[in-house]
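Heads up, model-v3.tsv below (TSV, C-alpha atoms):
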chain	number	residue	atom	x	y	z
D	93	MET	CA	-16.45	2.53	29.65
D	94	CYS	CA	-13.79	0.34	28.03
D	95	LYS	CA	-10.73	-0.43	30.11
D	96	PRO	CA	-7.49	1.26	28.96
D	97	PHE	CA	-5.54	-0.67	26.38
D	98	GLU	CA	-2.44	-2.35	27.79
D	99	PRO	CA	0.36	-2.67	25.20
D	100	GLU	CA	1.23	-6.36	25.10
D	101	ASN	CA	1.03	-7.28	21.43
D	102	LEU	CA	2.50	-5.91	18.23
D	103	ILE	CA	0.62	-3.49	16.03
D	104	TYR	CA	0.85	-4.78	12.47
D	105	VAL	CA	-0.73	-3.38	9.33
D	106	ASN	CA	0.23	-4.64	5.87
D	107	SER	CA	-2.80	-3.77	3.81
D	108	ILE	CA	-3.60	-2.76	0.25
D	109	LEU	CA	-6.32	-0.38	-0.94
D	110	SER	CA	-7.21	-0.06	-4.61
D	111	SER	CA	-9.65	2.33	-6.25
D	112	SER	CA	-11.08	-0.67	-8.10
D	113	PHE	CA	-12.06	-2.14	-4.71
D	114	SER	CA	-13.31	1.07	-3.09
D	115	GLY	CA	-15.18	2.46	-6.09
D	116	ARG	CA	-13.11	5.67	-6.08
D	117	ALA	CA	-12.55	6.68	-9.71
D	118	ASN	CA	-8.86	7.15	-10.59
D	119	GLY	CA	-7.90	6.93	-6.94
D	120	GLY	CA	-4.90	4.72	-7.54
D	121	GLU	CA	-3.57	1.91	-5.40
D	122	TYR	CA	-1.93	2.21	-1.97
D	123	THR	CA	-0.26	-0.06	0.54
D	124	ALA	CA	0.07	0.84	4.21
D	125	ILE	CA	2.68	-0.91	6.36
D	126	LEU	CA	3.03	-0.34	10.08
D	127	LEU	CA	4.93	-2.58	12.48
D	128	ALA	CA	5.28	-1.28	16.03
D	129	PHE	CA	6.65	-2.89	19.19
D	130	PRO	CA	5.32	-2.17	22.71
D	131	LYS	CA	7.70	-0.74	25.30
D	132	ALA	CA	7.04	1.09	28.58
D	133	GLY	CA	3.40	1.85	27.75
D	134	THR	CA	4.09	3.16	24.24
D	135	TYR	CA	4.67	1.80	20.77
D	136	SER	CA	7.61	2.45	18.47
D	137	GLY	CA	8.01	1.32	14.88
D	138	GLN	CA	8.17	2.16	11.18
D	139	PHE	CA	5.22	3.47	9.17
D	140	SER	CA	4.99	3.73	5.38
D	141	ILE	CA	2.42	4.57	2.73
D	142	GLN	CA	3.26	3.81	-0.90
D	143	GLY	CA	1.04	4.21	-3.92
D	144	ASN	CA	0.56	5.43	-7.46
D	145	GLY	CA	-2.34	7.86	-7.06
D	146	SER	CA	-2.90	11.39	-5.78
D	147	VAL	CA	-5.19	10.69	-2.82
D	148	LEU	CA	-2.49	9.86	-0.25
D	149	SER	CA	1.03	11.22	0.11
D	150	THR	CA	4.05	8.97	0.46
D	151	VAL	CA	5.08	8.27	4.05
D	152	ASN	CA	8.20	6.51	5.31
D	153	GLU	CA	9.16	7.42	8.85
D	154	ALA	CA	9.68	6.18	12.38
D	155	VAL	CA	6.70	6.67	14.70
D	156	THR	CA	6.11	6.55	18.44
D	157	PHE	CA	2.59	6.57	19.84
D	158	SER	CA	0.35	5.46	22.70
D	159	PHE	CA	-3.32	4.56	22.95
D	160	LYS	CA	-6.10	6.24	24.89
D	161	PRO	CA	-9.67	5.02	25.48
D	162	PHE	CA	-11.82	5.86	22.47
D	163	ASP	CA	-13.57	9.21	22.82
D	164	THR	CA	-16.08	10.20	20.15
D	165	ALA	CA	-15.49	13.94	20.49
D	166	ALA	CA	-11.69	13.61	20.41
D	167	TYR	CA	-11.96	11.22	17.48
D	168	LYS	CA	-14.07	13.65	15.43
D	169	ASP	CA	-11.81	16.58	16.36
D	170	ALA	CA	-8.86	14.59	14.98
D	171	GLY	CA	-10.68	14.18	11.66
D	172	GLY	CA	-12.16	10.68	12.10
D	173	GLN	CA	-15.17	9.89	9.93
D	174	LEU	CA	-16.19	6.36	10.90
D	175	LYS	CA	-19.53	5.96	12.66
D	176	ASP	CA	-18.51	2.91	14.69
D	177	CYS	CA	-17.41	2.91	18.32
D	178	PHE	CA	-13.95	1.54	19.10
D	179	ALA	CA	-12.11	0.54	22.26
D	180	SER	CA	-8.93	2.62	21.91
D	181	MET	CA	-7.41	5.19	19.58
D	182	SER	CA	-4.15	6.94	18.78
D	183	VAL	CA	-3.40	9.83	16.42
D	184	LEU	CA	-0.30	9.72	14.21
D	185	GLN	CA	0.98	13.03	12.83
D	186	THR	CA	3.18	12.30	9.81
D	187	ALA	CA	4.79	14.33	7.06
D	188	GLY	CA	2.22	12.79	4.70
D	189	GLY	CA	-0.84	13.67	6.77
D	190	THR	CA	-2.75	12.64	9.88
D	191	TYR	CA	-3.68	9.01	10.55
D	192	ILE	CA	-5.79	7.54	13.33
D	193	LEU	CA	-5.16	4.07	14.75
D	194	LEU	CA	-8.27	2.39	16.11
D	195	LEU	CA	-8.58	-0.85	18.06
D	196	ASP	CA	-11.66	-3.03	17.79
D	197	GLY	CA	-11.12	-6.34	19.60
D	198	ASP	CA	-8.21	-8.06	17.85
D	199	GLN	CA	-8.52	-5.85	14.78
D	200	VAL	CA	-6.60	-2.67	14.02
D	201	VAL	CA	-8.01	0.02	11.73
D	202	LEU	CA	-5.71	2.67	10.26
D	203	GLU	CA	-7.71	5.65	9.00
D	204	ALA	CA	-6.37	8.44	6.79
D	205	THR	CA	-8.23	11.50	8.06
D	206	GLY	CA	-10.37	13.39	5.58
D	207	LYS	CA	-9.81	10.81	2.84
D	208	VAL	CA	-12.41	8.11	3.57
D	209	VAL	CA	-9.53	5.63	3.34
D	210	CYS	CA	-8.94	2.82	5.85
D	211	PHE	CA	-6.48	-0.05	6.13
D	212	CYS	CA	-6.90	-3.06	8.40
D	213	GLY	CA	-4.36	-4.80	10.62
D	214	SER	CA	-4.02	-7.05	13.64
D	215	LEU	CA	-2.36	-7.55	17.05
D	216	PRO	CA	0.19	-10.39	16.65
D	217	SER	CA	2.27	-11.79	19.49
D	218	THR	CA	5.62	-10.12	20.14
D	219	SER	CA	7.22	-13.53	19.46
D	220	GLU	CA	6.42	-12.93	15.75
D	221	TYR	CA	8.33	-9.65	15.58
D	222	SER	CA	11.40	-10.89	13.67
D	223	THR	CA	9.27	-12.69	11.08
D	224	LEU	CA	6.98	-9.72	10.54
D	225	GLN	CA	9.87	-7.26	10.49
D	226	ASN	CA	11.44	-9.25	7.64
D	227	GLU	CA	8.09	-9.48	5.84
D	228	ALA	CA	7.39	-5.76	6.20
D	229	ALA	CA	10.86	-4.74	5.00
D	230	LYS	CA	10.70	-6.94	1.91
D	231	THR	CA	7.16	-5.82	1.11
D	232	ARG	CA	8.20	-2.16	1.28
D	233	LYS	CA	11.13	-2.78	-1.04
D	234	MET	CA	9.16	-4.83	-3.55
D	235	LEU	CA	6.28	-2.35	-3.70
D	236	SER	CA	8.66	0.58	-4.06
D	237	TYR	CA	10.21	-1.12	-7.08
D	238	LEU	CA	6.88	-2.10	-8.65
D	239	TYR	CA	5.21	1.29	-8.18
D	240	ARG	CA	8.31	3.10	-9.46
D	241	GLN	CA	8.67	0.85	-12.52
D	242	LYS	CA	5.00	1.20	-13.45
D	243	SER	CA	5.02	4.95	-13.01
D	244	ASN	CA	8.24	5.45	-14.98
D	245	ALA	CA	7.10	3.16	-17.79
D	246	GLU	CA	3.89	5.17	-18.21
D	247	ALA	CA	5.68	8.52	-18.03
D	248	SER	CA	8.46	7.71	-20.52
D	249	LEU	CA	6.58	5.64	-23.11
D	250	PRO	CA	7.53	6.90	-26.60
D	251	ASP	CA	4.90	8.20	-29.00
D	252	TYR	CA	4.34	5.57	-31.69
D	253	SER	CA	1.30	7.23	-33.27
D	254	GLY	CA	3.37	8.05	-36.37
D	255	LEU	CA	3.67	4.34	-37.17
D	256	LYS	CA	-0.06	3.89	-37.64
D	257	ASN	CA	-0.25	4.44	-41.39
D	258	LEU	CA	3.11	3.04	-42.43
D	259	ASP	CA	3.17	0.49	-45.24
D	260	PRO	CA	5.39	-2.56	-44.49
D	261	ASN	CA	5.69	-3.13	-48.25
D	262	ASN	CA	7.51	0.19	-48.54
D	263	PRO	CA	11.22	-0.32	-47.73
D	264	GLU	CA	11.52	3.03	-45.91
D	265	ASP	CA	8.38	2.40	-43.84
D	266	LEU	CA	9.50	-1.14	-43.12
D	267	GLN	CA	12.80	0.17	-41.74
D	268	LYS	CA	10.93	2.59	-39.45
D	269	LEU	CA	8.78	-0.28	-38.16
D	270	MET	CA	11.85	-2.45	-37.55
D	271	ASP	CA	13.61	0.38	-35.69
D	272	ALA	CA	10.53	0.89	-33.50
D	273	ALA	CA	10.40	-2.85	-32.74
D	274	LYS	CA	14.06	-2.80	-31.67
D	275	GLU	CA	13.39	0.18	-29.41
D	276	MET	CA	10.42	-1.56	-27.78
D	277	ASN	CA	12.43	-4.76	-27.25
D	278	ALA	CA	15.21	-2.74	-25.61
D	279	MET	CA	12.70	-1.12	-23.23
D	280	ILE	CA	11.31	-4.51	-22.24
D	281	SER	CA	14.77	-6.02	-21.70
D	282	ASN	CA	15.68	-3.12	-19.35
D	283	GLN	CA	12.76	-3.94	-17.06
D	284	ASN	CA	14.60	-6.74	-15.33
D	285	THR	CA	13.74	-7.80	-11.82
D	286	PRO	CA	16.12	-6.47	-9.14
D	287	ALA	CA	18.90	-8.62	-7.69
D	288	TRP	CA	17.02	-9.17	-4.41
D	289	TYR	CA	13.83	-10.43	-6.15
D	290	SER	CA	13.54	-14.19	-5.85
D	291	GLU	CA	12.94	-16.04	-9.12
D	292	ARG	CA	11.24	-18.75	-7.06
D	293	LEU	CA	8.61	-16.23	-6.02
D	294	ILE	CA	7.60	-14.95	-9.45
D	295	PRO	CA	9.77	-15.83	-12.48
D	296	THR	CA	8.96	-12.62	-14.39
D	297	VAL	CA	7.17	-9.35	-13.73
D	298	ASN	CA	4.86	-8.02	-16.43
D	299	PHE	CA	4.70	-4.21	-16.31
D	300	SER	CA	1.54	-3.80	-18.34
D	301	ALA	CA	-1.37	-1.40	-17.96
D	302	ASP	CA	-3.29	-4.17	-16.18
D	303	ASP	CA	-0.70	-4.70	-13.44
D	304	GLY	CA	-1.95	-5.07	-9.91
D	305	PHE	CA	-0.72	-6.36	-6.58
D	306	ASN	CA	-2.86	-8.19	-4.11
D	307	THR	CA	-2.40	-10.63	-1.29
D	308	ILE	CA	-4.49	-13.73	-0.59
D	309	PRO	CA	-5.68	-13.57	3.02
D	310	SER	CA	-6.07	-16.59	5.24
D	311	ALA	CA	-9.53	-17.98	5.94
D	312	THR	CA	-9.66	-16.13	9.26
D	313	GLY	CA	-8.43	-12.97	7.57
D	314	LEU	CA	-11.55	-12.92	5.42
D	315	LEU	CA	-13.75	-12.40	8.49
D	316	PHE	CA	-13.44	-8.66	9.01
D	317	ARG	CA	-15.95	-5.99	9.91
D	318	ILE	CA	-17.21	-3.44	7.42
D	319	TYR	CA	-16.95	0.08	8.85
D	320	THR	CA	-19.13	2.95	7.69
D	321	THR	CA	-18.31	6.64	7.40
D	322	ASN	CA	-20.17	9.82	8.29
D	323	ILE	CA	-20.18	11.03	4.69
D	324	SER	CA	-21.90	9.59	1.65
D	325	ASN	CA	-19.14	9.71	-0.99

Will you turn the file into structure tokens for me?
Amino acid sequence: MCKPFEPENLIYVNSILSSSFSGRANGGEYTAILLAFPKAGTYSGQFSIQGNGSVLSTVNEAVTFSFKPFDTAAYKDAGGQLKDCFASMSVLQTAGGTYILLLDGDQVVLEATGKVVCFCGSLPSTSEYSTLQNEAAKTRKMLSYLYRQKSNAEASLPDYSGLKNLDPNNPEDLQKLMDAAKEMNAMISNQNTPAWYSERLIPTVNFSADDGFNTIPSATGLLFRIYTTNISN
């Protein structure tokens, strides 16, 4: 029997999941951010899920939760699908669905129930709270902008199929091509980075079909466990 978890450290998740990594066709890309501070035996913080697919719903809300010793029956009843045994668990009921927080040593696993989707986090010292709070807030804002810009660009892209057979040697066709080029240039010029986005970070943002967002983990961050689920797909 594992001893009850004593809240002493922060709970911090800032993790990305992409269908290209998980093998889920057309699943989209999602980022989970959770930063919670321990107080009087419980945790309080802000939880968000942002993405551009249809697997997970958007979440952005304050949460309060506490941990209990891991119980296999309670875990399965809550919708958990991992086969592994953990030390402690907590169930988060959000407007975007149910999530389970699992503790395994110094690692935190955030599982979206019924989705076979997990994000990983850690237990930093409370002395890092201000730094991580700033990091989490800026990450939420940047991802919100990037996901929104990519989604809007795809949804509002004009239909240029009528330009396919135009002859640039024909003055009328040439004018149509020039007008289309002006329209495309105007669209590109309107995709400026927001005022808060630091030019020292990335000079320009390319909103192409190949856009992606990923972080480079530290050497220690690469050493994580692989968890398995109870279902095959």

Using all atoms listed in the file, which of the listed residues (D:Phe162, D:Phe211, D:Tyr135, D:Tyr104) sits closest to Glu227 (chain D)?
D:Tyr104

Give me, as an mmCIF file with C-alpha atoms, in the coordinates of the input, all polymer residues having an atom no more than 8 Å from region 184-196 of chain D, counting only C-alpha atoms and skipping those fewer than 4 positions away in the same chain.
data_model
loop_
_atom_site.group_PDB
_atom_site.id
_atom_site.type_symbol
_atom_site.label_atom_id
_atom_site.label_comp_id
_atom_site.auth_asym_id
_atom_site.auth_seq_id
_atom_site.Cartn_x
_atom_site.Cartn_y
_atom_site.Cartn_z
ATOM 1 C CA LEU D 148 -2.490 9.860 -0.250
ATOM 2 C CA SER D 149 1.030 11.220 0.110
ATOM 3 C CA THR D 150 4.050 8.970 0.460
ATOM 4 C CA VAL D 151 5.080 8.270 4.050
ATOM 5 C CA GLU D 153 9.160 7.420 8.850
ATOM 6 C CA VAL D 155 6.700 6.670 14.700
ATOM 7 C CA PHE D 157 2.590 6.570 19.840
ATOM 8 C CA ALA D 170 -8.860 14.590 14.980
ATOM 9 C CA GLY D 172 -12.160 10.680 12.100
ATOM 10 C CA PHE D 178 -13.950 1.540 19.100
ATOM 11 C CA ALA D 179 -12.110 0.540 22.260
ATOM 12 C CA SER D 180 -8.930 2.620 21.910
ATOM 13 C CA VAL D 200 -6.600 -2.670 14.020
ATOM 14 C CA VAL D 201 -8.010 0.020 11.730
ATOM 15 C CA LEU D 202 -5.710 2.670 10.260
ATOM 16 C CA GLU D 203 -7.710 5.650 9.000
ATOM 17 C CA ALA D 204 -6.370 8.440 6.790
ATOM 18 C CA THR D 205 -8.230 11.500 8.060
#

Hey, can you check how far CA of Thr123 (chain D) sits from CA of Gln225 (chain D)?
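Value for the CA of Thr123 (chain D)-CA of Gln225 (chain D) distance: 15.9 Å.
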
Report, in Å with one decimal, the straight-line distance from CA of Lys175 (chain D) to CA of Asp163 (chain D).
12.2 Å

Given only C-alpha atoms as the counted atoms, nearest of D:Gly206, D:Ala229, D:Met181, D:Gln142 to Tyr122 (chain D):
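Closest to Tyr122 (chain D), using only C-alpha atoms: D:Gln142.
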
Rank nothing, just name the residue among D:Phe129, D:Ile141, D:Val105, D:Asn262 nearest to Gly213 (chain D), using only C-alpha atoms.
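Distance minimum relative to Gly213 (chain D) lands on D:Val105.
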
In Å, rounded to a single decimal, give me how far CA of Leu215 (chain D) is from CA of Phe159 (chain D).
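For CA of Phe159 (chain D) relative to CA of Leu215 (chain D), the distance reads 13.5 Å.
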
Just the residues within 9 Å of Leu102 (chain D), please, counting all atoms listed in the file, with nothing from its chain fewer than 6 positions along; format it as a list in words.
Leu127, Ala128, Phe129, Pro130, Tyr135, Ser214, Leu215, Pro216, Ser217, Thr218, Glu220 and Tyr221 of chain D

Find the residues near Asp259 (chain D): any atom within 10 Å, counting all atoms listed in the file, skip ones fewer than 6 places away on the same chain, and give them as number ranges by chain.
D: 265-266, 268-269

Among listed residues D:Gln173, D:Asn226, D:Asn152, D:Ser136, nearest Ala124 (chain D) (using all atoms listed in the file):
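Closest to Ala124 (chain D) of all the choices is D:Asn152.
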